[in-house]
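S.K.: What follows is model_39.pdb, PDB, C-alpha atoms, pLDDT in the B column.
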```pdb
ATOM      1  CA  MET A   1     -23.598 -20.718 118.115  1.00 72.00           C
ATOM      2  CA  ILE A   2     -24.047 -19.802 114.450  1.00 78.00           C
ATOM      3  CA  THR A   3     -26.627 -21.831 112.688  1.00 83.00           C
ATOM      4  CA  LEU A   4     -27.305 -22.389 109.046  1.00 83.00           C
ATOM      5  CA  GLU A   5     -30.397 -20.169 109.278  1.00 87.00           C
ATOM      6  CA  MET A   6     -28.314 -17.295 110.655  1.00 85.00           C
ATOM      7  CA  ILE A   7     -25.841 -17.607 107.762  1.00 86.00           C
ATOM      8  CA  ASP A   8     -28.723 -17.770 105.280  1.00 86.00           C
ATOM      9  CA  THR A   9     -30.303 -14.629 106.780  1.00 89.00           C
ATOM     10  CA  GLY A  10     -26.950 -12.791 106.759  1.00 88.00           C
ATOM     11  CA  VAL A  11     -26.389 -13.677 103.097  1.00 89.00           C
ATOM     12  CA  LYS A  12     -29.896 -12.462 102.200  1.00 90.00           C
ATOM     13  CA  ILE A  13     -29.386  -9.175 104.068  1.00 91.00           C
ATOM     14  CA  ALA A  14     -25.961  -8.624 102.475  1.00 90.00           C
ATOM     15  CA  GLY A  15     -27.377  -9.441  99.041  1.00 91.00           C
ATOM     16  CA  GLY A  16     -30.226  -6.958  99.587  1.00 90.00           C
ATOM     17  CA  VAL A  17     -27.760  -4.276 100.650  1.00 89.00           C
ATOM     18  CA  LEU A  18     -25.578  -4.938  97.595  1.00 90.00           C
ATOM     19  CA  ILE A  19     -28.551  -4.864  95.207  1.00 91.00           C
ATOM     20  CA  SER A  20     -29.858  -1.650  96.829  1.00 90.00           C
ATOM     21  CA  ALA A  21     -26.407  -0.060  96.587  1.00 89.00           C
ATOM     22  CA  LEU A  22     -26.121  -1.074  92.920  1.00 89.00           C
ATOM     23  CA  ILE A  23     -29.555   0.341  92.082  1.00 89.00           C
ATOM     24  CA  PHE A  24     -28.762   3.574  93.951  1.00 86.00           C
ATOM     25  CA  TRP A  25     -25.418   3.884  92.128  1.00 85.00           C
ATOM     26  CA  LEU A  26     -27.132   3.359  88.746  1.00 83.00           C
ATOM     27  CA  TYR A  27     -29.755   5.978  89.671  1.00 83.00           C
ATOM     28  CA  LEU A  28     -27.093   8.532  90.624  1.00 79.00           C
ATOM     29  CA  ARG A  29     -25.102   7.827  87.498  1.00 80.00           C
ATOM     30  CA  ARG A  30     -28.161   8.277  85.273  1.00 78.00           C
ATOM     31  CA  HIS A  31     -29.195  11.410  87.144  1.00 75.00           C
ATOM     32  CA  ARG A  32     -25.720  12.954  86.716  1.00 76.00           C
ATOM     33  CA  THR A  33     -25.779  12.097  83.000  1.00 74.00           C
ATOM     34  CA  LEU A  34     -29.150  13.838  82.611  1.00 71.00           C
ATOM     35  CA  ASP A  35     -27.879  16.892  84.488  1.00 77.00           C
ATOM     36  CA  GLN A  36     -24.810  17.002  82.257  1.00 80.00           C
ATOM     37  CA  LYS A  37     -27.042  16.793  79.172  1.00 81.00           C
ATOM     38  CA  ILE A  38     -29.203  19.648  80.477  1.00 82.00           C
ATOM     39  CA  VAL A  39     -26.104  21.746  81.176  1.00 83.00           C
ATOM     40  CA  GLU A  40     -24.751  20.965  77.696  1.00 88.00           C
ATOM     41  CA  ASP A  41     -28.087  21.869  76.085  1.00 87.00           C
ATOM     42  CA  VAL A  42     -28.175  25.197  77.942  1.00 86.00           C
ATOM     43  CA  ARG A  43     -24.552  25.884  76.948  1.00 89.00           C
ATOM     44  CA  LYS A  44     -25.281  25.125  73.272  1.00 92.00           C
ATOM     45  CA  ARG A  45     -28.416  27.293  73.319  1.00 90.00           C
ATOM     46  CA  ARG A  46     -26.425  30.176  74.802  1.00 91.00           C
ATOM     47  CA  GLU A  47     -23.754  29.784  72.104  1.00 93.00           C
ATOM     48  CA  LEU A  48     -26.404  29.963  69.403  1.00 93.00           C
ATOM     49  CA  LEU A  49     -27.979  33.044  70.993  1.00 93.00           C
ATOM     50  CA  GLU A  50     -24.518  34.640  71.205  1.00 93.00           C
ATOM     51  CA  ARG A  51     -24.049  33.956  67.490  1.00 95.00           C
ATOM     52  CA  VAL A  52     -27.436  35.565  66.788  1.00 94.00           C
ATOM     53  CA  ALA A  53     -26.403  38.622  68.823  1.00 94.00           C
ATOM     54  CA  ALA A  54     -23.090  38.839  66.935  1.00 94.00           C
ATOM     55  CA  ASN A  55     -24.854  38.593  63.554  1.00 94.00           C
ATOM     56  CA  VAL A  56     -27.335  41.314  64.492  1.00 94.00           C
ATOM     57  CA  GLY A  57     -24.463  43.398  65.861  1.00 93.00           C
ATOM     58  CA  ARG A  58     -22.624  43.228  62.532  1.00 94.00           C
ATOM     59  CA  VAL A  59     -25.763  44.201  60.624  1.00 94.00           C
ATOM     60  CA  HIS A  60     -26.390  47.085  63.004  1.00 93.00           C
ATOM     61  CA  HIS A  61     -22.785  48.275  62.680  1.00 93.00           C
ATOM     62  CA  VAL A  62     -23.090  48.525  58.893  1.00 93.00           C
ATOM     63  CA  TYR A  63     -26.542  50.103  59.293  1.00 91.00           C
ATOM     64  CA  GLN A  64     -25.033  52.742  61.605  1.00 90.00           C
ATOM     65  CA  GLN A  65     -22.389  53.535  58.987  1.00 91.00           C
ATOM     66  CA  TYR A  66     -25.085  53.836  56.342  1.00 88.00           C
ATOM     67  CA  LEU A  67     -27.245  55.936  58.662  1.00 85.00           C
ATOM     68  CA  GLY A  68     -24.366  58.347  59.297  1.00 85.00           C
ATOM     69  CA  LEU A  69     -23.808  58.795  55.586  1.00 86.00           C
ATOM     70  CA  ALA A  70     -27.554  59.045  54.913  1.00 81.00           C
ATOM     71  CA  THR A  71     -27.941  61.729  57.571  1.00 79.00           C
ATOM     72  CA  GLU A  72     -25.072  63.686  56.057  1.00 82.00           C
ATOM     73  CA  PHE A  73     -26.561  63.225  52.604  1.00 79.00           C
ATOM     74  CA  THR A  74     -29.993  64.496  53.656  1.00 75.00           C
ATOM     75  CA  ARG A  75     -28.338  67.665  54.957  1.00 77.00           C
ATOM     76  CA  TYR A  76     -26.245  68.456  51.876  1.00 77.00           C
ATOM     77  CA  GLY A  77     -28.323  66.992  49.035  1.00 71.00           C
ATOM     78  CA  GLN A  78     -26.952  68.027  45.632  1.00 73.00           C
ATOM     79  CA  GLN A  79     -23.942  69.802  47.145  1.00 79.00           C
ATOM     80  CA  TRP A  80     -22.667  66.516  48.583  1.00 79.00           C
ATOM     81  CA  PRO A  81     -19.302  65.506  47.058  1.00 85.00           C
ATOM     82  CA  ARG A  82     -19.235  62.679  44.531  1.00 85.00           C
ATOM     83  CA  THR A  83     -16.745  60.682  46.628  1.00 89.00           C
ATOM     84  CA  ARG A  84     -19.172  60.681  49.568  1.00 86.00           C
ATOM     85  CA  ARG A  85     -21.984  59.528  47.252  1.00 83.00           C
ATOM     86  CA  GLU A  86     -19.765  56.666  46.102  1.00 87.00           C
ATOM     87  CA  GLU A  87     -18.968  55.797  49.703  1.00 90.00           C
ATOM     88  CA  MET A  88     -22.672  55.770  50.517  1.00 85.00           C
ATOM     89  CA  ALA A  89     -23.347  53.492  47.547  1.00 85.00           C
ATOM     90  CA  ARG A  90     -20.539  51.162  48.701  1.00 91.00           C
ATOM     91  CA  VAL A  91     -21.842  51.039  52.284  1.00 91.00           C
ATOM     92  CA  GLY A  92     -25.362  50.522  50.928  1.00 86.00           C
ATOM     93  CA  GLN A  93     -24.124  47.492  49.001  1.00 89.00           C
ATOM     94  CA  GLU A  94     -22.297  46.276  52.110  1.00 92.00           C
ATOM     95  CA  LEU A  95     -25.578  46.583  53.999  1.00 89.00           C
ATOM     96  CA  VAL A  96     -27.263  44.397  51.392  1.00 88.00           C
ATOM     97  CA  ASP A  97     -24.432  41.858  51.635  1.00 90.00           C
ATOM     98  CA  VAL A  98     -24.511  41.712  55.445  1.00 92.00           C
ATOM     99  CA  PHE A  99     -28.243  40.991  55.442  1.00 90.00           C
ATOM    100  CA  ARG A 100     -27.291  37.347  54.866  1.00 93.00           C
ATOM    101  CA  GLU A 101     -26.219  37.328  58.513  1.00 93.00           C
ATOM    102  CA  LEU A 102     -29.584  38.690  59.563  1.00 93.00           C
ATOM    103  CA  THR A 103     -31.282  35.855  57.689  1.00 93.00           C
ATOM    104  CA  GLU A 104     -28.952  33.383  59.404  1.00 94.00           C
ATOM    105  CA  ALA A 105     -29.887  34.862  62.785  1.00 94.00           C
ATOM    106  CA  GLU A 106     -33.593  34.563  61.966  1.00 94.00           C
ATOM    107  CA  SER A 107     -33.113  30.905  60.988  1.00 94.00           C
ATOM    108  CA  THR A 108     -31.259  30.161  64.200  1.00 94.00           C
ATOM    109  CA  LEU A 109     -34.010  31.765  66.259  1.00 94.00           C
ATOM    110  CA  LEU A 110     -36.633  29.656  64.481  1.00 93.00           C
ATOM    111  CA  LEU A 111     -34.511  26.563  65.130  1.00 92.00           C
ATOM    112  CA  LEU A 112     -34.516  27.441  68.829  1.00 91.00           C
ATOM    113  CA  GLY A 113     -38.278  27.949  68.802  1.00 92.00           C
ATOM    114  CA  GLU A 114     -38.011  31.700  69.377  1.00 92.00           C
ATOM    115  CA  LYS A 115     -40.727  32.828  66.970  1.00 93.00           C
ATOM    116  CA  LYS A 116     -41.389  36.135  68.744  1.00 92.00           C
ATOM    117  CA  LEU A 117     -37.707  37.100  68.588  1.00 92.00           C
ATOM    118  CA  GLU A 118     -37.513  36.063  64.944  1.00 93.00           C
ATOM    119  CA  ARG A 119     -40.561  38.174  64.109  1.00 93.00           C
ATOM    120  CA  THR A 120     -39.040  41.196  65.866  1.00 92.00           C
ATOM    121  CA  LEU A 121     -35.799  40.675  63.976  1.00 93.00           C
ATOM    122  CA  ARG A 122     -37.621  40.348  60.654  1.00 93.00           C
ATOM    123  CA  ILE A 123     -39.462  43.638  61.281  1.00 93.00           C
ATOM    124  CA  TYR A 124     -36.152  45.262  62.272  1.00 92.00           C
ATOM    125  CA  GLY A 125     -34.610  44.144  58.975  1.00 92.00           C
ATOM    126  CA  SER A 126     -37.575  45.292  56.904  1.00 92.00           C
ATOM    127  CA  LYS A 127     -37.391  48.758  58.488  1.00 91.00           C
ATOM    128  CA  ILE A 128     -33.714  49.007  57.542  1.00 90.00           C
ATOM    129  CA  VAL A 129     -34.575  47.960  53.973  1.00 88.00           C
ATOM    130  CA  ASN A 130     -37.347  50.585  53.948  1.00 85.00           C
ATOM    131  CA  LEU A 131     -34.883  53.273  55.066  1.00 83.00           C
ATOM    132  CA  ARG A 132     -32.363  52.206  52.436  1.00 82.00           C
ATOM    133  CA  ARG A 133     -35.020  52.467  49.728  1.00 82.00           C
ATOM    134  CA  GLN A 134     -35.879  55.997  50.821  1.00 79.00           C
ATOM    135  CA  VAL A 135     -32.280  57.219  51.124  1.00 74.00           C
ATOM    136  CA  HIS A 136     -29.938  56.257  48.314  1.00 66.00           C
ATOM    137  CA  ALA A 137     -26.997  57.968  46.660  1.00 57.00           C
ATOM    138  CA  GLU A 138     -28.853  58.563  43.387  1.00 65.00           C
ATOM    139  CA  LYS A 139     -31.549  60.701  45.013  1.00 63.00           C
ATOM    140  CA  GLN A 140     -31.069  64.419  44.432  1.00 62.00           C
ATOM    141  CA  GLN A 141     -32.954  66.050  47.338  1.00 64.00           C
ATOM    142  CA  PHE A 142     -35.472  65.395  50.102  1.00 65.00           C
ATOM    143  CA  SER A 143     -38.748  67.093  50.923  1.00 69.00           C
ATOM    144  CA  GLY A 144     -39.716  68.012  54.460  1.00 72.00           C
ATOM    145  CA  ASP A 145     -42.189  65.119  54.587  1.00 79.00           C
ATOM    146  CA  GLU A 146     -39.528  62.661  53.434  1.00 74.00           C
ATOM    147  CA  MET A 147     -37.155  63.948  56.121  1.00 76.00           C
ATOM    148  CA  HIS A 148     -39.860  63.466  58.753  1.00 79.00           C
ATOM    149  CA  VAL A 149     -40.587  59.910  57.556  1.00 80.00           C
ATOM    150  CA  ILE A 150     -36.867  59.090  57.599  1.00 79.00           C
ATOM    151  CA  ASP A 151     -36.569  60.338  61.183  1.00 82.00           C
ATOM    152  CA  GLU A 152     -39.574  58.227  62.222  1.00 87.00           C
ATOM    153  CA  VAL A 153     -38.124  55.120  60.577  1.00 86.00           C
ATOM    154  CA  LYS A 154     -34.788  55.697  62.340  1.00 86.00           C
ATOM    155  CA  LYS A 155     -36.598  55.903  65.708  1.00 90.00           C
ATOM    156  CA  GLU A 156     -38.574  52.724  64.967  1.00 91.00           C
ATOM    157  CA  ILE A 157     -35.380  50.857  64.043  1.00 90.00           C
ATOM    158  CA  SER A 158     -33.746  51.975  67.271  1.00 90.00           C
ATOM    159  CA  GLN A 159     -36.754  50.863  69.329  1.00 92.00           C
ATOM    160  CA  LEU A 160     -36.953  47.514  67.539  1.00 91.00           C
ATOM    161  CA  ARG A 161     -33.250  46.840  68.156  1.00 92.00           C
ATOM    162  CA  GLU A 162     -33.604  47.704  71.834  1.00 92.00           C
ATOM    163  CA  SER A 163     -36.699  45.524  72.182  1.00 91.00           C
ATOM    164  CA  PHE A 164     -34.981  42.649  70.373  1.00 91.00           C
ATOM    165  CA  PHE A 165     -31.917  42.725  72.624  1.00 91.00           C
ATOM    166  CA  ASP A 166     -34.059  43.056  75.766  1.00 90.00           C
ATOM    167  CA  ASN A 167     -35.951  39.910  74.792  1.00 89.00           C
ATOM    168  CA  LEU A 168     -32.784  38.131  73.683  1.00 90.00           C
ATOM    169  CA  SER A 169     -31.041  38.821  76.984  1.00 88.00           C
ATOM    170  CA  SER A 170     -33.999  37.441  78.929  1.00 86.00           C
ATOM    171  CA  ARG A 171     -33.785  34.228  76.851  1.00 85.00           C
ATOM    172  CA  TYR A 172     -30.004  34.080  77.215  1.00 82.00           C
ATOM    173  CA  MET A 173     -30.062  33.346  80.912  1.00 76.00           C
ATOM    174  CA  PRO A 174     -31.659  30.002  81.782  1.00 61.00           C
ATOM    175  CA  PRO A 175     -34.604  30.149  84.183  1.00 62.00           C
ATOM    176  CA  ALA A 176     -33.491  29.814  87.796  1.00 59.00           C
ATOM    177  CA  ARG A 177     -34.590  26.661  89.565  1.00 53.00           C
ATOM    178  CA  LYS A 178     -37.042  27.255  92.319  1.00 48.00           C
ATOM    179  CA  SER A 179     -35.923  25.911  95.659  1.00 47.00           C
ATOM    180  CA  ALA A 180     -38.380  23.981  97.787  1.00 42.00           C
TER     181      ALA A 180
END
```
Transcribe the structure of this file into structure tokens.

M.R.:
Amino acid sequence: MITLEMIDTGVKIAGGVLISALIFWLYLRRHRTLDQKIVEDVRKRRELLERVAANVGRVHHVYQQYLGLATEFTRYGQQWPRTRREEMARVGQELVDVFRELTEAESTLLLLGEKKLERTLRIYGSKIVNLRRQVHAEKQQFSGDEMHVIDEVKKEISQLRESFFDNLSSRYMPPARKSA
């Protein structure tokens, strides 16, 4: 026979189960929301790093054009045609204009807390500026020492770019979670 105490106990047990289920459901819902936020944050960070890589890529593309013309210019000196000098001056100005993107990339890296990457990128940019100051269309000829310095600067720029992209790619992928 079912007594009032048995009904009371059954109601208390059912209420406990319902409250436990509700708390567990709220916990899971909150946990999923946090995971989604983490995934969204990682996705946004990756997008920003991709934008940085694209900006640096554009700068490097114009730098490569300038470098090709500068290398040709150092070989021919005064015998270099006027049209090529004008092209080098135009690409040099384009290099100056595209540096805005390098500054944008540096700002984005600082926003992300990537001070080491930003420093590497700043040094990379200053080396390109240094090269541009040494090789310009108005210069008439180059000494052997100047040629050697230009070659060294080109190597440093190449190494800085490689180092930057190595570090950027390691930051691009989120750290893997360690399994227990």

S.K.: List every residue of segment 106-165 of chain A that has an atom at most 8 Å from any atom of segment 38-51 of chain A, and for each one report the closest atom pair and its distance in Å to one decimal, counting all atoms listed in the file, with rows sorted by chain and then by increasing residue number, as JSON lines.

M.R.:
```
{"residue": "A:Thr108", "atom": "CA", "partner": "A:Leu48", "partner_atom": "CA", "distance": 7.1}
{"residue": "A:Leu109", "atom": "CA", "partner": "A:Leu49", "partner_atom": "CA", "distance": 7.8}
{"residue": "A:Leu112", "atom": "CA", "partner": "A:Arg45", "partner_atom": "CA", "distance": 7.6}
```

S.K.: Neighbouring residues of Ser169 of chain A were defined as those with any atom within 12 Å, considering all atoms listed in the file; residues of the same chain fewer than 5 positions away were excluded. Please report them as a ChimeraX atom specification.

M.R.: /A:46,49-50,52-53,117,162-164,174-175

S.K.: Considering all atoms listed in the file, return as a list in words whatever protein or nucleic-acid residues lie within 12 Å of Ile123 of chain A, sequence-local ones (same chain, fewer than 2 positions apart) excluded.

M.R.: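 Contacts, in chain order: Leu102, Thr103, Glu106, Lys116, Leu117, Glu118, Arg119, Thr120, Leu121, Gly125, Ser126, Lys127, Ile128, Val129, Asn130, Val153, Glu156, Ile157, Ser158, Gln159, Leu160, Arg161, Ser163 and Phe164 of chain A.
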
S.K.: Take the selection from the previous step and output its residues with C-alpha atoms, as a PDB file, in the frame of the given file.

M.R.:
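As written to disk, selection14.pdb reads:
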```pdb
ATOM      1  CA  LEU A 102     -29.584  38.690  59.563  1.00 93.00           C
ATOM      2  CA  THR A 103     -31.282  35.855  57.689  1.00 93.00           C
ATOM      3  CA  GLU A 106     -33.593  34.563  61.966  1.00 94.00           C
ATOM      4  CA  LYS A 116     -41.389  36.135  68.744  1.00 92.00           C
ATOM      5  CA  LEU A 117     -37.707  37.100  68.588  1.00 92.00           C
ATOM      6  CA  GLU A 118     -37.513  36.063  64.944  1.00 93.00           C
ATOM      7  CA  ARG A 119     -40.561  38.174  64.109  1.00 93.00           C
ATOM      8  CA  THR A 120     -39.040  41.196  65.866  1.00 92.00           C
ATOM      9  CA  LEU A 121     -35.799  40.675  63.976  1.00 93.00           C
ATOM     10  CA  GLY A 125     -34.610  44.144  58.975  1.00 92.00           C
ATOM     11  CA  SER A 126     -37.575  45.292  56.904  1.00 92.00           C
ATOM     12  CA  LYS A 127     -37.391  48.758  58.488  1.00 91.00           C
ATOM     13  CA  ILE A 128     -33.714  49.007  57.542  1.00 90.00           C
ATOM     14  CA  VAL A 129     -34.575  47.960  53.973  1.00 88.00           C
ATOM     15  CA  ASN A 130     -37.347  50.585  53.948  1.00 85.00           C
ATOM     16  CA  VAL A 153     -38.124  55.120  60.577  1.00 86.00           C
ATOM     17  CA  GLU A 156     -38.574  52.724  64.967  1.00 91.00           C
ATOM     18  CA  ILE A 157     -35.380  50.857  64.043  1.00 90.00           C
ATOM     19  CA  SER A 158     -33.746  51.975  67.271  1.00 90.00           C
ATOM     20  CA  GLN A 159     -36.754  50.863  69.329  1.00 92.00           C
ATOM     21  CA  LEU A 160     -36.953  47.514  67.539  1.00 91.00           C
ATOM     22  CA  ARG A 161     -33.250  46.840  68.156  1.00 92.00           C
ATOM     23  CA  SER A 163     -36.699  45.524  72.182  1.00 91.00           C
ATOM     24  CA  PHE A 164     -34.981  42.649  70.373  1.00 91.00           C
TER      25      PHE A 164
END
```

S.K.: Let me know the residues the PyMOL selection byres ((chain A and resi 60-69) around 7) catches in the file above, as a tab-separated table (two decimals) with C-alpha atoms, in the frame of the given file.

M.R.:
```tsv
chain	number	residue	atom	x	y	z
A	56	VAL	CA	-27.34	41.31	64.49
A	57	GLY	CA	-24.46	43.40	65.86
A	58	ARG	CA	-22.62	43.23	62.53
A	59	VAL	CA	-25.76	44.20	60.62
A	70	ALA	CA	-27.55	59.04	54.91
A	71	THR	CA	-27.94	61.73	57.57
A	72	GLU	CA	-25.07	63.69	56.06
A	73	PHE	CA	-26.56	63.22	52.60
A	88	MET	CA	-22.67	55.77	50.52
A	91	VAL	CA	-21.84	51.04	52.28
A	92	GLY	CA	-25.36	50.52	50.93
A	95	LEU	CA	-25.58	46.58	54.00
```

S.K.: Which of these residues is nearest to Glu114 of chain A, using all atoms listed in the file: A:Lys155, A:His148, A:Arg90, A:Tyr172?

M.R.: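 Among the listed residues, the smallest separation from Glu114 of chain A belongs to A:Tyr172.
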
S.K.: Would you kindly return, as a PDB file with C-alpha atoms, in the frame of the given file, each protein, DNA or RNA residue with an atom no farther than 6 Å from any atom of Glu101 of chain A, considering only C-alpha atoms and excluding same-chain residues fewer than 3 positions away?

M.R.:
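The result, stored in selection_12.pdb:
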```
ATOM      1  CA  ASN A  55     -24.854  38.593  63.554  1.00 94.00           C
ATOM      2  CA  VAL A  98     -24.511  41.712  55.445  1.00 92.00           C
ATOM      3  CA  GLU A 104     -28.952  33.383  59.404  1.00 94.00           C
TER       4      GLU A 104
END
```
